[in-house]
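As stored in entry.cif (mmCIF, C-alpha atoms and all ligand atoms):
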data_start
#
loop_
_atom_site.label_atom_id
_atom_site.label_comp_id
_atom_site.auth_asym_id
_atom_site.auth_seq_id
_atom_site.Cartn_x
_atom_site.Cartn_y
_atom_site.Cartn_z
CA MET J 1 89.18 134.99 88.18
CA ARG J 2 87.28 134.09 91.28
CA PHE J 3 83.92 132.90 90.02
CA ARG J 4 83.22 129.20 89.48
CA THR J 5 82.11 127.80 86.12
CA LEU J 6 80.32 124.70 84.83
CA ASP J 7 83.70 122.96 85.10
CA ASP J 8 83.43 123.22 88.89
CA MET J 9 79.96 121.71 89.23
CA GLY J 10 80.94 118.05 89.54
CA ASP J 11 78.35 115.35 88.85
CA ILE J 12 75.01 117.02 88.19
CA GLY J 13 73.08 113.95 86.98
CA GLY J 14 69.52 114.17 88.36
CA LYS J 15 70.20 117.52 90.03
CA ARG J 16 67.88 120.51 89.56
CA VAL J 17 69.86 123.37 88.06
CA LEU J 18 68.37 126.88 87.91
CA VAL J 19 69.85 128.82 85.00
CA ARG J 20 69.32 132.60 84.71
CA GLU J 21 69.27 133.43 81.02
CA ASP J 22 68.34 136.52 79.01
CA LEU J 23 65.25 135.57 76.99
CA ASN J 24 64.10 139.17 76.60
CA VAL J 25 63.98 139.03 72.81
CA PRO J 26 62.25 141.61 70.61
CA ILE J 27 58.87 140.58 69.14
CA MET J 28 57.45 142.11 66.00
CA ASP J 29 54.05 141.11 64.60
CA GLY J 30 53.97 138.21 67.06
CA LYS J 31 57.31 136.80 65.85
CA ILE J 32 60.76 136.85 67.43
CA SER J 33 62.56 139.39 65.24
CA ASP J 34 66.08 138.77 66.58
CA ASP J 35 67.08 135.49 68.25
CA THR J 36 70.64 136.52 69.20
CA ARG J 37 69.87 136.19 72.90
CA LEU J 38 68.31 132.75 72.43
CA ARG J 39 71.38 131.53 70.56
CA ALA J 40 73.57 132.73 73.42
CA THR J 41 71.86 130.23 75.76
CA VAL J 42 72.58 127.14 73.68
CA GLU J 43 76.03 126.28 74.98
CA THR J 44 75.12 126.31 78.65
CA LEU J 45 71.65 124.76 78.38
CA SER J 46 72.80 121.96 76.09
CA GLU J 47 75.80 121.14 78.25
CA LEU J 48 73.77 120.99 81.47
CA ALA J 49 71.07 118.85 79.87
CA ASP J 50 73.66 116.55 78.30
CA ARG J 51 75.23 116.13 81.74
CA GLY J 52 71.86 114.81 82.98
CA ALA J 53 70.57 117.78 84.97
CA LYS J 54 66.95 118.86 85.24
CA VAL J 55 67.42 122.35 83.80
CA LEU J 56 65.02 125.11 84.82
CA VAL J 57 65.53 128.41 82.99
CA LEU J 58 64.76 131.62 84.89
CA ALA J 59 64.30 134.85 82.94
CA HIS J 60 62.27 138.02 82.68
CA PHE J 61 60.34 139.22 79.67
CA GLY J 62 59.28 142.82 79.16
CA ARG J 63 58.30 145.11 82.00
CA PRO J 64 55.20 143.54 83.59
CA LYS J 65 55.86 145.25 86.97
CA GLY J 66 54.58 142.38 89.07
CA ILE J 67 51.44 141.78 87.01
CA ALA J 68 50.94 138.57 85.03
CA SER J 69 49.64 138.79 81.47
CA GLY J 70 49.58 136.61 78.37
CA GLU J 71 51.44 139.31 76.50
CA ASN J 72 54.42 139.07 78.82
CA SER J 73 54.31 135.30 79.35
CA LEU J 74 57.54 133.47 78.63
CA MET J 75 55.35 130.76 77.10
CA ARG J 76 55.59 132.89 73.95
CA ILE J 77 59.33 132.30 73.79
CA VAL J 78 59.31 128.54 74.37
CA PRO J 79 58.82 127.44 70.72
CA GLY J 80 61.60 129.80 69.55
CA LEU J 81 63.97 128.56 72.23
CA ALA J 82 63.18 124.93 71.42
CA ALA J 83 63.90 125.61 67.74
CA VAL J 84 67.25 127.23 68.50
CA LEU J 85 68.22 124.44 70.91
CA GLY J 86 66.94 121.68 68.65
CA ARG J 87 65.37 120.07 71.73
CA GLU J 88 62.05 119.95 73.49
CA VAL J 89 61.50 122.69 76.02
CA ALA J 90 58.82 122.39 78.72
CA PHE J 91 57.12 125.30 80.47
CA ILE J 92 56.37 125.64 84.18
CA SER J 93 53.89 128.39 85.00
CA GLN J 94 53.67 127.89 88.76
CA GLY J 95 56.83 127.19 90.70
CA SER J 96 56.68 124.12 92.92
CA PRO J 97 59.69 122.03 93.86
CA GLU J 98 57.68 118.92 92.91
CA ALA J 99 57.04 120.18 89.38
CA VAL J 100 60.77 120.61 88.87
CA LEU J 101 61.58 117.23 90.42
CA ALA J 102 59.10 115.64 88.02
CA LEU J 103 61.14 116.83 85.00
CA PRO J 104 63.07 113.99 83.38
CA ASP J 105 66.84 114.05 83.85
CA GLY J 106 68.46 115.81 80.91
CA SER J 107 65.43 117.92 80.11
CA ILE J 108 64.99 121.70 79.87
CA ALA J 109 62.05 123.74 81.11
CA VAL J 110 61.37 127.47 81.19
CA PHE J 111 59.89 129.01 84.31
CA GLU J 112 57.31 131.78 83.93
CA ASN J 113 58.49 135.42 83.76
CA THR J 114 60.22 136.19 87.06
CA ARG J 115 58.91 139.76 86.86
CA PHE J 116 55.33 138.52 87.29
CA ASN J 117 56.34 138.47 90.97
CA ALA J 118 56.94 141.96 92.37
CA GLY J 119 59.61 140.35 94.56
CA GLU J 120 61.87 139.93 91.52
CA GLU J 121 62.77 143.58 90.94
CA ALA J 122 62.56 144.34 94.67
CA ASN J 123 65.10 141.55 95.28
CA ASP J 124 62.73 140.33 97.99
CA PRO J 125 64.46 137.65 100.11
CA LEU J 126 61.19 135.71 100.28
CA PHE J 127 60.99 135.43 96.49
CA ALA J 128 64.69 134.57 96.30
CA ARG J 129 64.03 131.74 98.77
CA GLU J 130 61.05 130.56 96.71
CA LEU J 131 63.29 130.41 93.64
CA ALA J 132 66.09 128.69 95.56
CA ALA J 133 63.63 125.99 96.69
CA LEU J 134 63.19 125.04 93.02
CA GLY J 135 66.81 124.07 92.50
CA ASP J 136 69.88 122.39 93.93
CA LEU J 137 72.37 124.55 92.02
CA TYR J 138 72.31 127.99 90.40
CA VAL J 139 73.94 129.15 87.17
CA ASN J 140 73.95 132.75 85.98
CA ASP J 141 74.43 132.93 82.22
CA ALA J 142 72.92 136.40 81.66
CA PHE J 143 75.64 139.05 81.80
CA SER J 144 73.17 141.50 80.25
CA ALA J 145 70.99 141.28 83.39
CA ALA J 146 73.88 141.22 85.86
CA HIS J 147 73.84 144.98 86.51
CA ARG J 148 70.49 144.56 88.23
CA ALA J 149 70.28 143.26 91.78
CA HIS J 150 67.08 141.28 91.34
CA ALA J 151 65.97 138.07 93.05
CA SER J 152 66.81 135.85 90.07
CA THR J 153 70.14 137.57 89.30
CA GLU J 154 71.45 138.35 92.78
CA GLY J 155 69.29 137.22 95.70
CA VAL J 156 69.15 133.56 94.73
CA ALA J 157 72.91 133.55 93.97
CA HIS J 158 73.57 133.76 97.71
CA LEU J 159 71.31 130.82 98.56
CA LEU J 160 72.55 127.98 96.33
CA PRO J 161 75.98 126.91 95.05
CA ALA J 162 76.43 129.41 92.22
CA PHE J 163 78.33 129.22 88.92
CA ALA J 164 78.86 131.28 85.78
CA GLY J 165 77.38 129.79 82.60
CA ARG J 166 79.43 129.57 79.41
CA ALA J 167 78.16 132.82 77.87
CA MET J 168 78.69 134.69 81.14
CA GLN J 169 82.16 133.15 81.47
CA ALA J 170 83.14 134.17 77.92
CA GLU J 171 81.91 137.72 78.50
CA LEU J 172 83.71 138.12 81.84
CA GLU J 173 86.93 136.70 80.44
CA ALA J 174 86.81 139.01 77.42
CA LEU J 175 86.15 142.06 79.57
CA GLN J 176 88.91 141.08 81.97
CA ASN J 177 91.33 140.83 79.03
CA ALA J 178 90.23 144.22 77.76
CA LEU J 179 90.36 146.40 80.86
CA GLY J 180 91.18 144.23 83.87
CA SER J 181 94.70 143.14 82.97
CA PRO J 182 95.09 144.12 79.31
CA ASP J 183 98.13 143.95 77.09
CA ARG J 184 99.35 147.54 76.60
CA PRO J 185 99.10 149.98 74.99
CA VAL J 186 95.31 150.12 75.35
CA ALA J 187 93.09 152.33 73.21
CA ALA J 188 89.47 153.19 73.94
CA VAL J 189 87.11 154.57 71.33
CA VAL J 190 84.23 156.43 72.89
CA GLY J 191 81.71 157.89 70.51
CA GLY J 192 77.99 158.19 70.14
CA ALA J 193 75.59 160.97 70.65
CA LYS J 194 76.14 162.62 73.98
CA VAL J 195 78.84 163.24 76.56
CA SER J 196 76.23 163.38 79.33
CA SER J 197 75.30 159.71 78.81
CA LYS J 198 78.93 158.58 79.04
CA LEU J 199 80.57 160.86 81.58
CA ASP J 200 81.29 158.03 83.99
CA VAL J 201 82.73 155.94 81.16
CA LEU J 202 85.14 158.73 80.20
CA LYS J 203 86.17 159.36 83.81
CA HIS J 204 86.87 155.66 84.36
CA LEU J 205 88.78 155.19 81.11
CA VAL J 206 91.19 158.14 81.34
CA ALA J 207 92.92 156.46 84.27
CA ARG J 208 93.12 153.08 82.54
CA VAL J 209 93.87 153.49 78.87
CA ASP J 210 96.83 154.91 77.00
CA HIS J 211 94.79 156.42 74.15
CA LEU J 212 91.30 157.83 74.48
CA ILE J 213 89.74 158.39 71.07
CA ILE J 214 86.70 160.63 71.24
CA GLY J 215 84.35 160.75 68.27
CA GLY J 216 80.68 161.18 67.45
CA GLY J 217 78.57 163.94 68.86
CA MET J 218 80.65 163.77 72.04
CA ALA J 219 83.69 165.09 70.22
CA ASN J 220 81.75 168.29 69.44
CA THR J 221 81.30 169.02 73.14
CA PHE J 222 85.05 168.59 73.71
CA LEU J 223 85.89 170.74 70.68
CA ALA J 224 83.50 173.46 71.82
CA ALA J 225 85.06 173.36 75.29
CA ARG J 226 88.35 174.14 73.60
CA GLY J 227 86.87 177.18 71.90
CA VAL J 228 86.10 175.62 68.52
CA GLY J 229 82.96 176.89 66.80
CA VAL J 230 80.84 173.81 66.06
CA GLY J 231 77.96 175.53 64.26
CA LYS J 232 74.67 173.64 64.51
CA SER J 233 76.33 170.38 65.59
CA LEU J 234 74.90 168.23 68.33
CA CYS J 235 76.80 169.67 71.29
CA GLU J 236 76.33 170.04 75.04
CA HIS J 237 77.72 173.52 75.63
CA ASP J 238 76.84 173.38 79.33
CA LEU J 239 79.30 170.50 79.78
CA ALA J 240 82.35 172.53 78.76
CA GLY J 241 83.70 172.54 82.32
CA THR J 242 83.22 168.79 82.66
CA ALA J 243 84.96 168.18 79.35
CA GLU J 244 87.89 170.33 80.46
CA ALA J 245 88.10 168.37 83.74
CA ILE J 246 88.23 165.09 81.81
CA LEU J 247 91.00 166.42 79.58
CA THR J 248 92.97 167.51 82.66
CA ALA J 249 92.47 164.12 84.34
CA ALA J 250 93.68 162.40 81.17
CA ASP J 251 96.76 164.62 81.10
CA THR J 252 97.56 163.77 84.73
CA ALA J 253 97.14 160.04 84.07
CA GLY J 254 99.33 160.09 80.97
CA CYS J 255 96.41 159.24 78.69
CA THR J 256 96.57 160.77 75.21
CA VAL J 257 93.19 162.13 74.14
CA HIS J 258 92.51 162.13 70.40
CA LEU J 259 90.03 164.67 69.11
CA PRO J 260 89.46 165.05 65.36
CA TYR J 261 91.22 167.86 63.51
CA ASP J 262 89.20 167.47 60.36
CA VAL J 263 85.49 166.72 60.20
CA VAL J 264 82.71 165.99 57.72
CA VAL J 265 80.08 168.71 57.79
CA ALA J 266 76.69 169.25 56.15
CA THR J 267 73.78 171.60 56.57
CA GLU J 268 71.30 168.73 56.82
CA LEU J 269 71.37 165.20 58.13
CA LYS J 270 69.93 163.15 55.31
CA PRO J 271 71.26 160.34 53.09
CA HIS J 272 73.85 161.55 50.60
CA ALA J 273 73.49 165.17 51.65
CA ALA J 274 75.99 167.59 50.17
CA THR J 275 79.04 167.40 52.42
CA ARG J 276 82.29 169.20 52.94
CA ILE J 277 85.47 168.16 54.68
CA ALA J 278 86.58 170.95 56.96
CA ASN J 279 89.30 171.69 59.42
CA VAL J 280 87.63 171.86 62.86
CA HIS J 281 88.39 175.58 62.96
CA GLU J 282 86.46 176.19 59.72
CA VAL J 283 82.97 174.94 60.53
CA ALA J 284 80.35 177.47 59.40
CA ALA J 285 77.57 178.67 61.66
CA ASP J 286 74.88 176.80 59.68
CA GLU J 287 76.83 173.51 59.42
CA MET J 288 76.76 170.33 61.52
CA ILE J 289 79.69 168.04 62.23
CA LEU J 290 78.36 164.58 61.37
CA ASP J 291 81.50 162.47 61.14
CA ILE J 292 85.19 162.77 61.83
CA GLY J 293 87.26 163.54 58.77
CA PRO J 294 89.42 161.24 56.63
CA ALA J 295 92.73 162.63 57.89
CA ALA J 296 91.70 162.17 61.52
CA ALA J 297 90.42 158.66 60.79
CA GLU J 298 93.70 157.79 59.09
CA ALA J 299 95.65 159.03 62.12
CA LEU J 300 93.45 156.95 64.43
CA ALA J 301 94.10 153.85 62.34
CA ASP J 302 97.82 154.50 62.88
CA VAL J 303 97.23 154.76 66.63
CA LEU J 304 95.46 151.38 66.65
CA LYS J 305 98.42 149.84 64.83
CA THR J 306 100.60 150.67 67.85
CA CYS J 307 98.09 149.22 70.35
CA ARG J 308 97.57 145.70 71.70
CA THR J 309 94.09 146.17 73.13
CA LEU J 310 91.01 148.12 72.02
CA VAL J 311 87.73 148.80 73.81
CA TRP J 312 85.07 150.45 71.67
CA ASN J 313 81.74 152.00 72.59
CA GLY J 314 79.93 154.46 70.38
CA PRO J 315 80.10 155.22 66.64
CA LEU J 316 82.36 158.01 65.37
CA GLY J 317 79.64 159.64 63.31
CA ALA J 318 75.95 159.54 62.42
CA PHE J 319 76.64 156.14 60.85
CA GLU J 320 72.99 155.30 60.09
CA THR J 321 73.02 157.97 57.39
CA PRO J 322 75.62 157.53 54.66
CA PRO J 323 78.12 159.02 53.96
CA PHE J 324 78.47 159.82 57.69
CA ASP J 325 79.37 156.16 58.33
CA ALA J 326 82.75 156.45 56.61
CA ALA J 327 85.09 156.96 59.58
CA THR J 328 83.32 154.38 61.74
CA VAL J 329 83.45 151.79 58.94
CA MET J 330 87.09 152.54 58.15
CA LEU J 331 88.30 152.34 61.74
CA ALA J 332 86.19 149.24 62.45
CA ARG J 333 87.73 147.51 59.43
CA THR J 334 91.22 148.48 60.56
CA ALA J 335 90.54 147.09 64.05
CA ALA J 336 89.14 143.91 62.53
CA ALA J 337 92.18 143.43 60.30
CA LEU J 338 94.58 143.98 63.21
CA THR J 339 92.59 141.48 65.27
CA ARG J 340 92.72 138.90 62.49
CA GLU J 341 96.49 139.39 62.25
CA GLY J 342 96.71 138.70 66.00
CA SER J 343 98.20 142.05 66.98
CA LEU J 344 95.08 143.46 68.66
CA VAL J 345 92.53 142.23 71.20
CA SER J 346 89.32 144.08 70.33
CA VAL J 347 86.25 144.29 72.52
CA ALA J 348 83.18 146.32 71.60
CA GLY J 349 79.71 146.86 73.01
CA GLY J 350 76.67 149.12 72.97
CA GLY J 351 73.44 148.85 70.98
CA ASP J 352 74.39 151.25 68.19
CA THR J 353 78.02 150.15 68.23
CA VAL J 354 77.03 146.55 67.51
CA ALA J 355 74.78 147.81 64.70
CA ALA J 356 77.67 149.88 63.32
CA LEU J 357 80.07 146.92 63.39
CA ASN J 358 77.48 144.78 61.63
CA HIS J 359 77.02 147.56 59.08
CA ALA J 360 80.80 147.52 58.52
CA GLY J 361 80.62 143.72 58.21
CA VAL J 362 83.26 143.10 60.86
CA ALA J 363 81.41 142.12 64.06
CA ASP J 364 82.64 138.52 63.72
CA ASP J 365 86.26 139.64 63.38
CA PHE J 366 86.38 141.44 66.71
CA SER J 367 87.72 139.39 69.63
CA PHE J 368 84.47 139.93 71.49
CA VAL J 369 81.31 141.91 70.83
CA SER J 370 79.04 142.38 73.79
CA THR J 371 75.32 142.66 73.17
CA ALA J 372 74.71 143.42 76.83
CA GLY J 373 73.83 147.11 76.48
CA GLY J 374 73.32 148.56 79.97
CA ALA J 375 75.51 146.00 81.72
CA PHE J 376 78.35 146.62 79.24
CA LEU J 377 78.21 150.38 79.83
CA GLU J 378 78.20 149.91 83.61
CA TRP J 379 81.23 147.70 83.24
CA MET J 380 82.87 150.45 81.12
CA GLU J 381 82.15 152.80 84.02
CA GLY J 382 84.11 150.49 86.33
CA ARG J 383 81.06 149.56 88.36
CA ILE J 384 80.74 146.27 90.16
CA LEU J 385 77.81 144.36 88.71
CA PRO J 386 75.75 142.83 91.54
CA GLY J 387 75.04 139.61 89.63
CA VAL J 388 78.75 139.08 89.01
CA ALA J 389 79.75 140.05 92.55
CA ALA J 390 77.33 137.43 93.90
CA LEU J 391 78.97 134.73 91.75
CA GLU J 392 82.42 135.79 92.90
CA SER J 393 81.60 135.72 96.59
CA ASN J 394 79.64 132.43 96.49
CA ARG J 395 81.49 129.48 97.99
CA ILE J 396 78.50 127.30 98.98
CA ASN J 397 79.55 123.69 98.38
CA ALA J 398 77.87 121.91 95.52
P1 LIG J 401 75.79 153.00 71.77
O1 LIG J 401 74.34 152.58 71.63
O2 LIG J 401 76.69 152.10 70.98
O3 LIG J 401 76.21 153.13 73.20
P2 LIG J 401 75.13 155.80 71.47
O4 LIG J 401 73.70 155.46 71.70
O5 LIG J 401 75.83 156.54 72.54
O6 LIG J 401 75.94 154.45 71.10
O7 LIG J 401 75.28 156.70 70.19
C1 LIG J 401 74.86 156.31 68.91
C2 LIG J 401 74.24 157.47 68.16
O8 LIG J 401 75.11 158.58 68.08
C3 LIG J 401 73.92 157.07 66.76
O9 LIG J 401 72.52 157.15 66.57
C4 LIG J 401 74.63 158.12 65.89
O10 LIG J 401 73.87 158.54 64.79
C5 LIG J 401 74.83 159.25 66.86
N1 LIG J 401 75.92 160.15 66.45
C6 LIG J 401 77.21 159.84 66.31
N2 LIG J 401 77.91 160.89 65.87
C7 LIG J 401 77.04 161.91 65.73
C8 LIG J 401 77.15 163.27 65.33
N3 LIG J 401 78.34 163.80 64.98
N4 LIG J 401 76.04 164.03 65.31
C9 LIG J 401 74.85 163.49 65.68
N5 LIG J 401 74.68 162.22 66.06
C10 LIG J 401 75.77 161.43 66.10
MG MG J 402 72.53 153.71 71.80
#
Show how you would write the structure in this file as structure tokens.
Amino acid sequence: MRFRTLDDMGDIGGKRVLVREDLNVPIMDGKISDDTRLRATVETLSELADRGAKVLVLAHFGRPKGIASGENSLMRIVPGLAAVLGREVAFISQGSPEAVLALPDGSIAVFENTRFNAGEEANDPLFARELAALGDLYVNDAFSAAHRAHASTEGVAHLLPAFAGRAMQAELEALQNALGSPDRPVAAVVGGAKVSSKLDVLKHLVARVDHLIIGGGMANTFLAARGVGVGKSLCEHDLAGTAEAILTAADTAGCTVHLPYDVVVATELKPHAATRIANVHEVAADEMILDIGPAAAEALADVLKTCRTLVWNGPLGAFETPPFDAATVMLARTAAALTREGSLVSVAGGGDTVAALNHAGVADDFSFVSTAGGAFLEWMEGRILPGVAALESNRINA
């Protein structure tokens, strides 16, 4: 791995360290409704403060599009961050190098929403220089923002000695283990609603994994491309040609594609609807495929038992509505058990995937669960994330 970490920073006592974090937490009725992202900052911020740095956190909040407002002020997040850190957190609304110098050594401050400056999303070199003037060193700890080339994620990373924070480091190492240089065989589960949203993921994976397991609404598009009648299922019939091309590419690469041969069908998507388990060739015109069937799920569990590495994005069925969560829950529990036994490295990501793993009660048993959303999917597509690339190319001496 070519990026530098906090271990490479040397003595940072009294130094000003800019740390890009993801503080973009959801707020409901004025309260932070999920502090996962705040908790992810603790390791890096505490370590830097304990090592005597003046820590200035850079982050965006919402989509203010260059316009400052109280609603989008990061001041709203400061008390929550302080609570999670168990330390005082200061707030700096206007960036001046003096204001940062005046912070006591070992203290943490949050800088106002970087997106209040239109130069942030434009990756304006002037704004990147303004940010760089606030610090001596730069740490990027926000993998979830690393797919965006913005001033605080990319521009500034070329102007100061740059390092990966602990959360960023953990994420990059986990992803490297999963698809960079994984133990084989490797299985990928790709599910979710639509093929069209994950075409690039599928194209990237067929050349890299040994088993491609397709579930969810996406499986319907593949089944339909093969001439299976899918009734009223969610299905993108216009993507039949694309699905065929992916199957051909998989064949060429020696990747085994697993499509379900039995499915759970119903005429309505509602909790505890009347269901039927059907062979894929026996779906009626008024039925919807809402989960993969028990025999297919069982076969997939057997596939995972032969694998050393698993990457998972997308649920296998409409898991929010029981009983269409059954296959997802069963396969997630199998992956978790194999991981606990030490025979499988399991990495998962995606908003609904994380929710599904939590629903199955196994998120903590996976080797790594990414909450990065867009950045995780771009990584699954094999794209180079600008924020990560900037860390890897930076060799400015600390
Ligand atoms: P992620 O957020 O993890 O990337 P997606 O957003 O691609 O996942 O897909 C999740 C959605 O796909 C869920 O809302 C789920 O209900 C839906 N889904 C999965 N299987 C089906 C299906 N057979 N029919 C309709 N919707 C499905
Ligand atoms: Mg989703």
Would you name the residues within 9 Å of ligand LIG 401 (chain J), counting all atoms listed in the file, and put them as a VMD selection string?
chain J and resid 190 to 195 197 to 198 215 to 220 233 to 235 264 to 265 269 288 to 292 312 to 321 324 to 325 348 to 356 373 to 374 377
Same residues, C-alpha atoms, output as a compact mmCIF listing (two decimals), in the frame of the given file:
# COMPACT_ATOMS: atom_id res chain seq x y z
CA VAL J 190 84.23 156.43 72.89
CA GLY J 191 81.71 157.89 70.51
CA GLY J 192 77.99 158.19 70.14
CA ALA J 193 75.59 160.97 70.65
CA LYS J 194 76.14 162.62 73.98
CA VAL J 195 78.84 163.24 76.56
CA SER J 197 75.30 159.71 78.81
CA LYS J 198 78.93 158.58 79.04
CA GLY J 215 84.35 160.75 68.27
CA GLY J 216 80.68 161.18 67.45
CA GLY J 217 78.57 163.94 68.86
CA MET J 218 80.65 163.77 72.04
CA ALA J 219 83.69 165.09 70.22
CA ASN J 220 81.75 168.29 69.44
CA SER J 233 76.33 170.38 65.59
CA LEU J 234 74.90 168.23 68.33
CA CYS J 235 76.80 169.67 71.29
CA VAL J 264 82.71 165.99 57.72
CA VAL J 265 80.08 168.71 57.79
CA LEU J 269 71.37 165.20 58.13
CA MET J 288 76.76 170.33 61.52
CA ILE J 289 79.69 168.04 62.23
CA LEU J 290 78.36 164.58 61.37
CA ASP J 291 81.50 162.47 61.14
CA ILE J 292 85.19 162.77 61.83
CA TRP J 312 85.07 150.45 71.67
CA ASN J 313 81.74 152.00 72.59
CA GLY J 314 79.93 154.46 70.38
CA PRO J 315 80.10 155.22 66.64
CA LEU J 316 82.36 158.01 65.37
CA GLY J 317 79.64 159.64 63.31
CA ALA J 318 75.95 159.54 62.42
CA PHE J 319 76.64 156.14 60.85
CA GLU J 320 72.99 155.30 60.09
CA THR J 321 73.02 157.97 57.39
CA PHE J 324 78.47 159.82 57.69
CA ASP J 325 79.37 156.16 58.33
CA ALA J 348 83.18 146.32 71.60
CA GLY J 349 79.71 146.86 73.01
CA GLY J 350 76.67 149.12 72.97
CA GLY J 351 73.44 148.85 70.98
CA ASP J 352 74.39 151.25 68.19
CA THR J 353 78.02 150.15 68.23
CA VAL J 354 77.03 146.55 67.51
CA ALA J 355 74.78 147.81 64.70
CA ALA J 356 77.67 149.88 63.32
CA GLY J 373 73.83 147.11 76.48
CA GLY J 374 73.32 148.56 79.97
CA LEU J 377 78.21 150.38 79.83
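Note that the spacing between CA of Leu259 (chain J) and CA of Ala243 (chain J) amounts to 12.0 Å.
Shown here are all protein and nucleic acid residues lying within 9 Å of (95.1, 141.9, 69.7), with all atoms listed in the file considered: Asp183, Cys307, Arg308, Thr309, Leu310, Ala335, Leu338, Thr339, Arg340, Glu341, Gly342, Ser343, Leu344, Val345, Ser346 and Ser367 of chain J.
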Please compute the CA of Gly62 (chain J)-CA of Ile92 (chain J) distance, one decimal, in Å.
18.1 Å
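Ranking J:Arg383, J:Gly155, J:Val311, J:Thr371 by their shortest atom-to-atom distance to ligand MG 402 (chain J), with all atoms listed in the file included, puts J:Thr371 first.
Interatomic distance, CA of Pro97 (chain J) to CA of Ser393 (chain J): 26.0 Å.
Only residues having an atom at most 10 Å from (92.1, 146.7, 78.9) are included; using only C-alpha atoms, these are Ala174, Leu175, Gln176, Asn177, Ala178, Leu179, Gly180, Ser181, Pro182, Asp183, Arg184, Pro185, Val186, Ala187, Ala188, Leu205, Arg208, Val209, Asp210, Arg308, Thr309, Leu310, Val311, Val345, Ser346 and Val347 of chain J.
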Just to be explicit: take each residue in the selection above, keep C-alpha atoms, and write the result as a short mmCIF file (atom, residue, chain, number, x, y, z; two decimals), in the coordinates of the input.
data_model
loop_
_atom_site.label_atom_id
_atom_site.label_comp_id
_atom_site.auth_asym_id
_atom_site.auth_seq_id
_atom_site.Cartn_x
_atom_site.Cartn_y
_atom_site.Cartn_z
CA ALA J 174 86.81 139.01 77.42
CA LEU J 175 86.15 142.06 79.57
CA GLN J 176 88.91 141.08 81.97
CA ASN J 177 91.33 140.83 79.03
CA ALA J 178 90.23 144.22 77.76
CA LEU J 179 90.36 146.40 80.86
CA GLY J 180 91.18 144.23 83.87
CA SER J 181 94.70 143.14 82.97
CA PRO J 182 95.09 144.12 79.31
CA ASP J 183 98.13 143.95 77.09
CA ARG J 184 99.35 147.54 76.60
CA PRO J 185 99.10 149.98 74.99
CA VAL J 186 95.31 150.12 75.35
CA ALA J 187 93.09 152.33 73.21
CA ALA J 188 89.47 153.19 73.94
CA LEU J 205 88.78 155.19 81.11
CA ARG J 208 93.12 153.08 82.54
CA VAL J 209 93.87 153.49 78.87
CA ASP J 210 96.83 154.91 77.00
CA ARG J 308 97.57 145.70 71.70
CA THR J 309 94.09 146.17 73.13
CA LEU J 310 91.01 148.12 72.02
CA VAL J 311 87.73 148.80 73.81
CA VAL J 345 92.53 142.23 71.20
CA SER J 346 89.32 144.08 70.33
CA VAL J 347 86.25 144.29 72.52
#
Quick one: residues within 6 Å of region 158-168 of chain J, only C-alpha atoms, excluding same-chain residues fewer than 6 positions away - as a ChimeraX atom specification?
/J:4-5,44,137-141,143,391,396-398
Incomplete region 276-283 of chain J brought to N, CA, C and O atoms, written out as a tab-separated table (two decimals), in the coordinates of the input:
chain	number	residue	atom	x	y	z
J	276	ARG	N	81.04	168.49	53.13
J	276	ARG	CA	82.29	169.20	52.94
J	276	ARG	C	83.23	168.69	54.02
J	276	ARG	O	82.80	168.39	55.14
J	277	ILE	N	84.48	168.52	53.66
J	277	ILE	CA	85.47	168.16	54.68
J	277	ILE	C	86.13	169.45	55.14
J	277	ILE	O	86.60	170.24	54.32
J	278	ALA	N	86.09	169.67	56.45
J	278	ALA	CA	86.58	170.95	56.96
J	278	ALA	C	87.56	170.72	58.09
J	278	ALA	O	87.45	169.74	58.84
J	279	ASN	N	88.50	171.62	58.21
J	279	ASN	CA	89.30	171.69	59.42
J	279	ASN	C	88.34	172.08	60.56
J	279	ASN	O	87.39	172.82	60.33
J	280	VAL	N	88.59	171.56	61.78
J	280	VAL	CA	87.63	171.86	62.86
J	280	VAL	C	87.48	173.36	63.11
J	280	VAL	O	86.46	173.80	63.64
J	281	HIS	N	88.46	174.14	62.72
J	281	HIS	CA	88.39	175.58	62.96
J	281	HIS	C	87.62	176.31	61.86
J	281	HIS	O	87.47	177.52	61.90
J	282	GLU	N	87.12	175.55	60.88
J	282	GLU	CA	86.46	176.19	59.72
J	282	GLU	C	85.02	175.75	59.53
J	282	GLU	O	84.50	175.75	58.42
J	283	VAL	N	84.37	175.36	60.63
J	283	VAL	CA	82.97	174.94	60.53
J	283	VAL	C	82.09	176.20	60.51
J	283	VAL	O	82.20	177.06	61.39
